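Undergrad: One file: input13.txt (compact mmCIF, C-alpha atoms).
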```txt
# COMPACT_ATOMS: atom_id res chain seq x y z
CA MET I 1 -13.57 10.25 -42.47
CA GLU I 2 -12.60 12.01 -39.26
CA ASN I 3 -10.96 10.06 -36.47
CA THR I 4 -12.11 11.50 -33.13
CA SER I 5 -10.46 9.05 -30.78
CA HIS I 6 -7.78 10.45 -28.51
CA LEU I 7 -4.97 8.50 -26.96
CA ALA I 8 -4.63 9.77 -23.43
CA LEU I 9 -1.94 8.72 -21.00
CA SER I 10 -2.73 8.11 -17.37
CA ASP I 11 -0.75 9.75 -14.57
CA TYR I 12 0.94 6.41 -14.00
CA GLN I 13 2.04 6.22 -17.64
CA TYR I 14 3.33 9.81 -17.52
CA ALA I 15 5.32 8.96 -14.39
CA ILE I 16 6.84 5.88 -16.07
CA LEU I 17 7.78 7.85 -19.18
CA ASN I 18 9.25 10.60 -17.01
CA GLU I 19 11.26 8.04 -15.03
CA MET I 20 12.68 6.67 -18.30
CA GLY I 21 13.63 10.20 -19.36
CA ILE I 22 11.03 10.36 -22.14
CA SER I 23 9.22 13.65 -22.60
CA SER I 24 5.60 13.43 -23.62
CA TRP I 25 4.09 15.92 -26.04
CA GLN I 26 0.55 17.02 -26.67
CA LEU I 27 -0.94 19.07 -29.51
CA THR I 28 -2.60 22.29 -28.43
CA SER I 29 -5.58 21.93 -30.74
CA GLU I 30 -7.29 19.44 -33.01
CA GLN I 31 -6.58 21.61 -36.09
CA GLN I 32 -2.83 21.19 -35.76
CA THR I 33 -2.86 17.51 -36.62
CA GLN I 34 -2.01 18.40 -40.24
CA VAL I 35 1.72 18.85 -40.86
CA LYS I 36 2.52 22.24 -42.34
CA VAL I 37 4.27 22.07 -45.69
CA ASP I 38 6.00 25.44 -45.70
CA ASN I 39 8.85 24.39 -43.36
CA GLN I 40 7.07 25.63 -40.27
CA SER I 41 6.95 23.12 -37.49
CA PRO I 42 3.58 22.67 -35.82
CA GLU I 43 3.23 24.29 -32.42
CA VAL I 44 3.50 21.70 -29.71
CA VAL I 45 3.20 21.95 -25.97
CA THR I 46 4.98 19.68 -23.54
CA LYS I 47 2.90 17.98 -20.89
CA SER I 48 3.80 19.83 -17.73
CA SER I 49 4.62 17.56 -14.88
CA ASP I 50 4.56 18.12 -11.14
CA VAL I 51 7.61 15.87 -10.91
CA THR I 52 10.78 17.93 -10.62
CA SER I 53 13.47 15.47 -9.55
CA LYS I 54 14.33 11.81 -9.83
CA GLU I 55 13.30 11.24 -6.20
CA ASP I 56 9.94 12.92 -6.81
CA ALA I 57 9.43 10.81 -9.94
CA LEU I 58 10.17 7.60 -8.05
CA ALA I 59 7.90 8.59 -5.17
CA LYS I 60 5.05 9.46 -7.53
CA LEU I 61 5.61 6.26 -9.51
CA ASN I 62 5.48 4.15 -6.33
CA GLN I 63 2.35 5.97 -5.17
CA LEU I 64 0.60 5.41 -8.50
CA LYS I 65 1.73 1.79 -8.56
CA ILE I 66 0.17 1.20 -5.15
CA GLN I 67 -3.05 2.90 -6.24
CA THR I 68 -3.39 0.71 -9.32
CA GLN I 69 -2.60 -2.60 -7.65
CA THR I 70 -5.37 -4.93 -6.65
CA SER I 71 -5.23 -6.53 -3.24
CA GLU I 72 -4.39 -10.19 -2.84
CA ALA I 73 -6.80 -12.28 -0.78
CA THR I 74 -5.14 -14.41 1.87
CA GLU I 75 -6.17 -16.61 4.78
CA SER I 76 -2.82 -16.07 6.48
CA VAL I 77 -2.20 -14.05 9.62
CA LEU I 78 -0.15 -11.07 8.43
CA LEU I 79 2.84 -10.19 10.60
CA THR I 80 5.11 -7.18 10.22
CA PHE I 81 7.81 -8.27 12.65
CA THR I 82 10.66 -10.74 12.34
CA LEU I 83 10.44 -14.49 12.33
CA SER I 84 12.48 -14.65 15.55
CA ASP I 85 9.80 -12.60 17.33
CA THR I 86 7.29 -15.40 16.78
CA LYS I 87 9.23 -17.58 19.22
CA PHE I 88 7.97 -15.58 22.22
CA GLN I 89 5.33 -17.36 24.30
CA MET I 90 3.19 -14.21 24.32
CA PHE I 91 2.93 -14.41 20.51
CA THR I 92 1.59 -17.96 20.69
CA ASP I 93 -0.76 -17.10 23.57
CA VAL I 94 -2.36 -14.24 21.63
CA LEU I 95 -2.93 -16.41 18.56
CA ILE I 96 -4.47 -19.14 20.73
CA ALA I 97 -6.75 -16.58 22.43
CA LEU I 98 -7.93 -15.38 19.01
CA ASP I 99 -8.30 -18.98 17.77
CA LEU I 100 -5.77 -18.29 15.03
CA ASP I 101 -2.94 -20.57 16.12
CA ALA I 102 -3.67 -23.05 13.31
CA LYS I 103 -3.72 -20.40 10.57
CA PRO I 104 -0.68 -19.94 8.32
CA GLN I 105 1.45 -16.87 8.96
CA LYS I 106 2.92 -14.48 6.43
CA HIS I 107 5.72 -12.05 7.28
CA ILE I 108 5.42 -8.80 5.31
CA SER I 109 6.48 -5.16 5.57
CA THR I 110 4.11 -2.52 6.88
CA GLU I 111 3.96 -0.99 3.38
CA GLN I 112 2.75 -4.32 1.93
CA LEU I 113 -0.18 -4.51 4.35
CA SER I 114 -2.48 -2.60 1.99
CA HIS I 115 -1.82 -5.19 -0.73
CA TYR I 116 -3.82 -7.87 1.11
CA SER I 117 -7.47 -8.46 1.90
CA GLY I 118 -9.52 -11.16 3.57
CA TYR I 119 -6.91 -11.90 6.21
CA PRO I 120 -8.08 -12.99 9.68
CA LEU I 121 -5.57 -10.74 11.51
CA SER I 122 -2.75 -8.32 10.82
CA TRP I 123 -0.32 -7.79 13.67
CA THR I 124 1.96 -4.78 13.44
CA GLN I 125 4.37 -3.05 15.76
CA GLY I 126 3.45 0.36 17.16
CA GLU I 127 3.76 2.43 20.29
CA LYS I 128 0.47 1.58 22.00
CA VAL I 129 -1.76 -1.48 22.13
CA SER I 130 -4.88 -1.34 19.99
CA PHE I 131 -7.13 -3.84 18.22
CA ASN I 132 -9.54 -2.56 15.57
CA HIS I 133 -10.90 -4.06 12.36
CA LYS I 134 -8.73 -7.19 12.45
CA GLN I 135 -5.58 -5.12 13.01
CA LEU I 136 -3.65 -5.71 16.22
CA ILE I 137 -0.99 -3.14 17.07
CA THR I 138 1.40 -3.80 19.93
CA PRO I 139 4.79 -2.55 21.04
CA ALA I 140 7.73 -4.81 20.23
CA LEU I 141 7.07 -8.34 21.44
CA THR I 142 10.03 -8.04 23.80
CA GLU I 143 8.10 -5.24 25.56
CA LEU I 144 5.01 -7.38 26.16
CA HIS I 145 6.51 -8.88 29.32
CA HIS I 146 5.87 -5.59 31.18
CA SER I 147 2.79 -6.02 33.36
CA ASP I 148 1.08 -2.78 32.28
CA THR I 149 1.51 -3.52 28.58
CA LYS I 150 0.44 -7.13 29.01
CA LYS I 151 -2.67 -6.06 30.96
CA GLN I 152 -3.62 -3.53 28.29
CA LEU I 153 -3.16 -6.15 25.54
CA TRP I 154 -5.43 -8.69 27.24
CA GLN I 155 -8.06 -6.02 27.93
CA GLU I 156 -8.08 -5.03 24.25
CA LEU I 157 -8.37 -8.66 23.17
CA GLN I 158 -11.12 -9.38 25.69
CA SER I 159 -13.20 -6.38 24.64
CA ALA I 160 -12.74 -7.23 20.94
CA LEU I 161 -13.73 -10.86 21.52
CA SER I 162 -16.79 -9.89 23.57
CA LEU I 163 -17.91 -7.46 20.83
CA ALA I 164 -17.48 -10.19 18.21
CA LYS I 165 -19.90 -12.46 20.10
CA ILE I 166 -22.68 -9.87 20.03
```
Please express the file's structure as structure tokens.
TA:
Amino acid sequence: MENTSHLALSDYQYAILNEMGISSWQLTSEQQTQVKVDNQSPEVVTKSSDVTSKEDALAKLNQLKIQTQTSEATESVLLTFTLSDTKFQMFTDVLIALDLDAKPQKHISTEQLSHYSGYPLSWTQGEKVSFNHKQLITPALTELHHSDTKKQLWQELQSALSLAKI
């Protein structure tokens, strides 16, 4: 009886093995599954890897880990700035304007943002003010006291709220 099933490793599994210093091997053909008796070792080929250094292996492992993770649903407002920043009056005013002041808040890193889904708002720090697809980007909250920045923020919020009513 011939066994035709093949055990294949995913890229993620190769990256983990590589990170642990374990080389993975693969036979070059199906006919070489029989061990040769006359003291000749079967010809084996190592799985070539694009990973050349420990840093590359860790980067690839993190990338594959992110790709394989499922997102966590949350009803919290996701924030990528510090807890002390939430004490600014402008922070509270924006949440009230968006009717999100009663929602729980979750402080996360920008990298963790892709791990969540179903959130009512994500608020991250960036250079310019923008509000698209439930993602609000503003400069540091300490910068929102400047009249030009504040005006731009309220215009973005007003246009987003008016589009939501349509």
Undergrad: For I:Met90, which residue among I:His133, I:His146, I:Lys128, I:Lys106 is the nearest when counting only C-alpha atoms?
TA: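 Selected residue with least distance to I:Met90: I:His146.
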Undergrad: Give me the residues near I:Trp154 as a ChimeraX atom specification, where near means some atom within 10 Å (using only C-alpha atoms) and where sequence neighbours in that chain fewer than 5 positions away do not count.
TA: /I:94,97,129,149,159-160
Undergrad: Applying 12 Å and only C-alpha atoms, which residues near I:Ile137 remain after dropping the ones on its own chain fewer than 4 positions away? List them as a PyMOL selection string.
TA: chain I and resi 78-81+110+121-133+141+144+149+152-153+156-157
Undergrad: How many Å lie between atom CA of I:Leu58 and atom CA of I:Met20, rounded to one decimal?
TA: 10.6 Å
Undergrad: Considering all atoms listed in the file, state which residue in the set I:His115, I:Ser53, I:Thr142, I:Leu9 is at the smallest distance from I:Ala73.
TA: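 Result for the nearest residue to I:Ala73: I:His115.
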Undergrad: Reconstruct N, CA and C atoms of stretch 89-120 of chain I from the incomplete input and present them as a PDB file, in the coordinates of the input.
TA:
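Listing of result-v2.pdb after writing:
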```pdb
ATOM      1  N   GLN I  89       6.545 -16.696  23.833  1.00  0.00           N
ATOM      2  CA  GLN I  89       5.330 -17.360  24.300  1.00  0.00           C
ATOM      3  C   GLN I  89       4.111 -16.452  24.191  1.00  0.00           C
ATOM      4  N   MET I  90       4.300 -15.159  24.409  1.00  0.00           N
ATOM      5  CA  MET I  90       3.190 -14.210  24.320  1.00  0.00           C
ATOM      6  C   MET I  90       2.583 -14.215  22.916  1.00  0.00           C
ATOM      7  N   PHE I  91       3.409 -14.346  21.898  1.00  0.00           N
ATOM      8  CA  PHE I  91       2.930 -14.410  20.510  1.00  0.00           C
ATOM      9  C   PHE I  91       1.981 -15.593  20.343  1.00  0.00           C
ATOM     10  N   THR I  92       2.410 -16.743  20.797  1.00  0.00           N
ATOM     11  CA  THR I  92       1.590 -17.960  20.690  1.00  0.00           C
ATOM     12  C   THR I  92       0.316 -17.821  21.507  1.00  0.00           C
ATOM     13  N   ASP I  93       0.414 -17.262  22.707  1.00  0.00           N
ATOM     14  CA  ASP I  93      -0.760 -17.100  23.570  1.00  0.00           C
ATOM     15  C   ASP I  93      -1.827 -16.209  22.930  1.00  0.00           C
ATOM     16  N   VAL I  94      -1.400 -15.139  22.281  1.00  0.00           N
ATOM     17  CA  VAL I  94      -2.360 -14.240  21.630  1.00  0.00           C
ATOM     18  C   VAL I  94      -3.058 -14.949  20.481  1.00  0.00           C
ATOM     19  N   LEU I  95      -2.311 -15.682  19.673  1.00  0.00           N
ATOM     20  CA  LEU I  95      -2.930 -16.410  18.560  1.00  0.00           C
ATOM     21  C   LEU I  95      -3.902 -17.469  19.056  1.00  0.00           C
ATOM     22  N   ILE I  96      -3.563 -18.134  20.153  1.00  0.00           N
ATOM     23  CA  ILE I  96      -4.470 -19.140  20.730  1.00  0.00           C
ATOM     24  C   ILE I  96      -5.743 -18.448  21.227  1.00  0.00           C
ATOM     25  N   ALA I  97      -5.591 -17.310  21.907  1.00  0.00           N
ATOM     26  CA  ALA I  97      -6.750 -16.580  22.430  1.00  0.00           C
ATOM     27  C   ALA I  97      -7.688 -16.141  21.307  1.00  0.00           C
ATOM     28  N   LEU I  98      -7.131 -15.820  20.156  1.00  0.00           N
ATOM     29  CA  LEU I  98      -7.930 -15.380  19.010  1.00  0.00           C
ATOM     30  C   LEU I  98      -8.348 -16.549  18.113  1.00  0.00           C
ATOM     31  N   ASP I  99      -7.993 -17.759  18.527  1.00  0.00           N
ATOM     32  CA  ASP I  99      -8.300 -18.980  17.770  1.00  0.00           C
ATOM     33  C   ASP I  99      -7.682 -18.928  16.367  1.00  0.00           C
ATOM     34  N   LEU I 100      -6.469 -18.400  16.302  1.00  0.00           N
ATOM     35  CA  LEU I 100      -5.770 -18.290  15.030  1.00  0.00           C
ATOM     36  C   LEU I 100      -4.443 -19.043  15.015  1.00  0.00           C
ATOM     37  N   ASP I 101      -4.213 -19.869  16.023  1.00  0.00           N
ATOM     38  CA  ASP I 101      -2.940 -20.570  16.120  1.00  0.00           C
ATOM     39  C   ASP I 101      -2.731 -21.579  14.996  1.00  0.00           C
ATOM     40  N   ALA I 102      -3.796 -22.066  14.386  1.00  0.00           N
ATOM     41  CA  ALA I 102      -3.670 -23.050  13.310  1.00  0.00           C
ATOM     42  C   ALA I 102      -3.562 -22.396  11.931  1.00  0.00           C
ATOM     43  N   LYS I 103      -3.771 -21.101  11.861  1.00  0.00           N
ATOM     44  CA  LYS I 103      -3.720 -20.400  10.570  1.00  0.00           C
ATOM     45  C   LYS I 103      -2.268 -20.213  10.121  1.00  0.00           C
ATOM     46  N   PRO I 104      -2.041 -20.226   8.811  1.00  0.00           N
ATOM     47  CA  PRO I 104      -0.680 -19.940   8.320  1.00  0.00           C
ATOM     48  C   PRO I 104      -0.324 -18.483   8.610  1.00  0.00           C
ATOM     49  N   GLN I 105       0.969 -18.215   8.660  1.00  0.00           N
ATOM     50  CA  GLN I 105       1.450 -16.870   8.960  1.00  0.00           C
ATOM     51  C   GLN I 105       2.291 -16.369   7.790  1.00  0.00           C
ATOM     52  N   LYS I 106       2.171 -15.088   7.526  1.00  0.00           N
ATOM     53  CA  LYS I 106       2.920 -14.480   6.430  1.00  0.00           C
ATOM     54  C   LYS I 106       3.615 -13.238   6.956  1.00  0.00           C
ATOM     55  N   HIS I 107       4.937 -13.205   6.837  1.00  0.00           N
ATOM     56  CA  HIS I 107       5.720 -12.050   7.280  1.00  0.00           C
ATOM     57  C   HIS I 107       5.851 -11.072   6.116  1.00  0.00           C
ATOM     58  N   ILE I 108       5.401  -9.834   6.343  1.00  0.00           N
ATOM     59  CA  ILE I 108       5.420  -8.800   5.310  1.00  0.00           C
ATOM     60  C   ILE I 108       5.902  -7.489   5.917  1.00  0.00           C
ATOM     61  N   SER I 109       6.139  -6.500   5.070  1.00  0.00           N
ATOM     62  CA  SER I 109       6.480  -5.160   5.570  1.00  0.00           C
ATOM     63  C   SER I 109       5.187  -4.389   5.821  1.00  0.00           C
ATOM     64  N   THR I 110       5.283  -3.344   6.591  1.00  0.00           N
ATOM     65  CA  THR I 110       4.110  -2.520   6.880  1.00  0.00           C
ATOM     66  C   THR I 110       3.540  -1.919   5.598  1.00  0.00           C
ATOM     67  N   GLU I 111       4.415  -1.568   4.651  1.00  0.00           N
ATOM     68  CA  GLU I 111       3.960  -0.990   3.380  1.00  0.00           C
ATOM     69  C   GLU I 111       3.154  -1.999   2.568  1.00  0.00           C
ATOM     70  N   GLN I 112       3.446  -3.291   2.703  1.00  0.00           N
ATOM     71  CA  GLN I 112       2.750  -4.320   1.930  1.00  0.00           C
ATOM     72  C   GLN I 112       1.373  -4.650   2.504  1.00  0.00           C
ATOM     73  N   LEU I 113       1.072  -4.176   3.677  1.00  0.00           N
ATOM     74  CA  LEU I 113      -0.180  -4.510   4.350  1.00  0.00           C
ATOM     75  C   LEU I 113      -1.400  -4.145   3.504  1.00  0.00           C
ATOM     76  N   SER I 114      -1.339  -3.035   2.813  1.00  0.00           N
ATOM     77  CA  SER I 114      -2.480  -2.600   1.990  1.00  0.00           C
ATOM     78  C   SER I 114      -2.668  -3.457   0.743  1.00  0.00           C
ATOM     79  N   HIS I 115      -1.727  -4.331   0.448  1.00  0.00           N
ATOM     80  CA  HIS I 115      -1.820  -5.190  -0.730  1.00  0.00           C
ATOM     81  C   HIS I 115      -2.645  -6.443  -0.475  1.00  0.00           C
ATOM     82  N   TYR I 116      -3.112  -6.639   0.754  1.00  0.00           N
ATOM     83  CA  TYR I 116      -3.820  -7.870   1.110  1.00  0.00           C
ATOM     84  C   TYR I 116      -5.233  -7.572   1.595  1.00  0.00           C
ATOM     85  N   SER I 117      -6.100  -8.549   1.398  1.00  0.00           N
ATOM     86  CA  SER I 117      -7.470  -8.460   1.900  1.00  0.00           C
ATOM     87  C   SER I 117      -7.916  -9.838   2.345  1.00  0.00           C
ATOM     88  N   GLY I 118      -8.956  -9.883   3.134  1.00  0.00           N
ATOM     89  CA  GLY I 118      -9.520 -11.160   3.570  1.00  0.00           C
ATOM     90  C   GLY I 118      -8.735 -11.880   4.639  1.00  0.00           C
ATOM     91  N   TYR I 119      -7.725 -11.259   5.183  1.00  0.00           N
ATOM     92  CA  TYR I 119      -6.910 -11.900   6.210  1.00  0.00           C
ATOM     93  C   TYR I 119      -7.651 -11.910   7.546  1.00  0.00           C
ATOM     94  N   PRO I 120      -7.397 -12.930   8.385  1.00  0.00           N
ATOM     95  CA  PRO I 120      -8.080 -12.990   9.680  1.00  0.00           C
ATOM     96  C   PRO I 120      -7.510 -11.995  10.701  1.00  0.00           C
TER      97      PRO I 120
END
```
